[in-house]
Every structure is written in structure tokens, then in C-alpha cells.
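Read through the structure below, which is laid out as C-alpha cells, and then see the notes.
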Amino acid sequence: ALTASMNFYSMVLVAIALVSAPLAAVAGDPDILTDFVVPTSLIGIPINITGDYFTYTSFRPVPLPTATFTLSKASMAEFPALNGQSVSYAKLRFPPGTVNPTHTHPRAAELLFLLEGTLSVGFIDTAGKLYTKDLVAGNMFVFPKGLVHYQSNQGSRPAMALSAFGSAAAGTVSVPVTVFGTEVDDVVLAKSFKTDVPTVQKLKAALTPPPKK
């Protein structure tokens with residue numbers, strides 16, 4: 001039963017990669033005709049923009065370790081000065097045994113730099129080939145734009161990494177949540193992954209986000 005379950009989940013991962021990667025939007029950021037973009041709310045209003053506007057401070061060290069995988073973003077939403085600059089960052093923290101689940105970034109490649117610890121990473125291309133690597137501190141790894149990928153800390157110590165993106169708003173599409181955490185019909189999913197409806201319902205129960213209050 002365990003082997004059958006593992007085979008099913010392996011098939012799910014490969015099938016999702018084959019289906020989603022070729023269809024992913026791969027648009028890039030538009031070029032701007034000014035040095036930088038002034039916030040919309042400030043256009044027409046005289047303002048003295050200083051170096052503070054171009055400074056982001058939310059990546060300061062967190063003193064206490066976390067129990068789960070955490071991601072802090074510096075994208076256009078959090079750091080408006082990035083608008084029009086085609087760059088953004090994310091800080092990823094992995095306690096032992098945690099994973100950044102399979103996902104894609106439709107508008108940018110990701111260049112991950114491992115600062116501390118070890119990580120097992122991988123991505124799947126549009127032909128269904130899996131590329132993996134075990135990283136140590138100081139290593140970099142690139143995840144091509146729009147392809148399904150993941151990072152996992154299988155070690156006994158915490159890991160921390162910085163990821164750079166070639167877009168101010170790279171976007172993130174979570175594979176498990178997008179497929180099983182939305183309202184796609186149970187029968188459609190069961191037939192798509194050659195399993196039964198109860199299995200699909202178990203996955204949906206675990207992955208469906210709680211209703212917004």
C-alpha cells in the first residue's frame with residue numbers, strides 16, 4: 001500500500017509539471033521611460049524623495065528560530081521602489097525537515113544563494129526531466145522561469161537562503177494548492193491522476209485554504 005501511495009504521488013508531481021509548465025505565463029516586466037517610478041498616490045504632489053524610499057529594512061535578522069518554513073519577500077508589493085526595476089528578493093528559512101513545496105514563478109527565473117546549512121533542490125523541465133542537486137552554504141542554483149521546482153532541508157540544522165528574481169513581481173503558483181486547494185471537480189481530478197475520489201478529497205481537505213472571514 002505504501003509503494004502504491006508513493007507511486008501515485010510521484011505520478012502526480014510529474015503530471016503536474018508536464019501540464020503546467022508549458023502553459024505558464026512567462027511575461028516579463030515592461031520597460032520604463034524614467035529613472036524610477038514615483039508611487040501613483042504621489043504623482044502631481046510635490047514630494048522630496050530621499051534614500052529612504054530606496055531602502056528596505058524588513059530582512060533584518062530574526063533572533064528566534066522558526067518551527068516551520070518561512071518566506072519573507074521584497075517584491076514590488078512590499079518595496080514600491082522596485083516598480084519598473086525588474087528585480088526582487090526573497091529570504092527563505094528552513095528548519096530541519098521542512099520544505100518549500102512545489103511551485104512556479106511565472107514571470108521570472110529564480111537564483112537561489114544558500115547562506116547557511118544544506119538544501120536539496122530540484123526542478124522539472126517541460127519534457128518531464130527532473131534536475132536535482134544537494135547544496136551547501138555558498139552554493140547558488142538557478143530555477144528557470146516558469147518551471148515547477150522545490151527546496152527541502154533534509155539535514156539536522158536550519159538552513160537559510162536568499163533568492164533573487166528578474167521581476168519586481170515574479171508571482172508564485174503553488175502546485176499542491178492550485179490543483180487540490182481550489183474548486184476543481186473531484187471526478188475531474190480523480191480521472192486526471194488515475195486515482196479515486198476519496199483520495200482526491202483527502203488531498204483537498206489538507207490543502208484547501210480556510211475560508212476568509
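To be explicit about the labels: the chains of the C-alpha cells are called A, B, and onward in the order shown, and within each one the residues are counted from 1, while ligands get numbers from 1 in the order they are shown.
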
So that I can check the surroundings of segment 73-83 of chain A, please list as a ChimeraX atom specification every protein, DNA and RNA residue that reaches within 10 Å of it, counting only C-alpha atoms and ignoring chain neighbours fewer than 4 positions away.
/A:29-30,32,36-39,52-59,87-92,162-165,167-171

From a DSSP pass on the backbone, collect the residues of segment 8-194 of chain A flagged as strand (DSSP E or B) and hand them back as a PyMOL selection string.
chain A and resi 70-74+88-94+99-104+110-116+118-124+130-136+140-143+148-152+159-165+173-174

Quick one: residues within 12 Å of segment 186-190 of chain A, only C-alpha atoms, excluding same-chain residues fewer than 3 positions away - as a PyMOL selection string?
chain A and resi 8+12+15-16+178-183+193-205

Show me a table, sorted first by chain and then by increasing residue number, of the residues of segment 124-146 of chain A having an atom at most 8 Å from segment 115-119 of chain A, each with its shortest atom pair and the distance in Å to one decimal, counting only C-alpha atoms and written as CSV.
residue,atom,partner,partner_atom,distance
A:Asp134,CA,A:Leu119,CA,5.8
A:Leu135,CA,A:Leu119,CA,5.1
A:Val136,CA,A:Thr118,CA,4.6
A:Ala137,CA,A:Glu116,CA,5.0
A:Gly138,CA,A:Leu115,CA,6.0

Just give me the gap between atom CA of Val121 of chain A and atom CA of His103 of chain A in Å, one decimal is fine.
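About the pair atom CA of Val121 of chain A and atom CA of His103 of chain A: they are 12.1 Å apart.
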
Spatial neighbours of segment 97-100 of chain A, max dist 6 Å, only C-alpha atoms, sep filter under 4 positions, as a list of chain:residue names:
A:Phe69, A:Tyr150, A:Gln151, A:Ser152, A:Asn153, A:Gln154
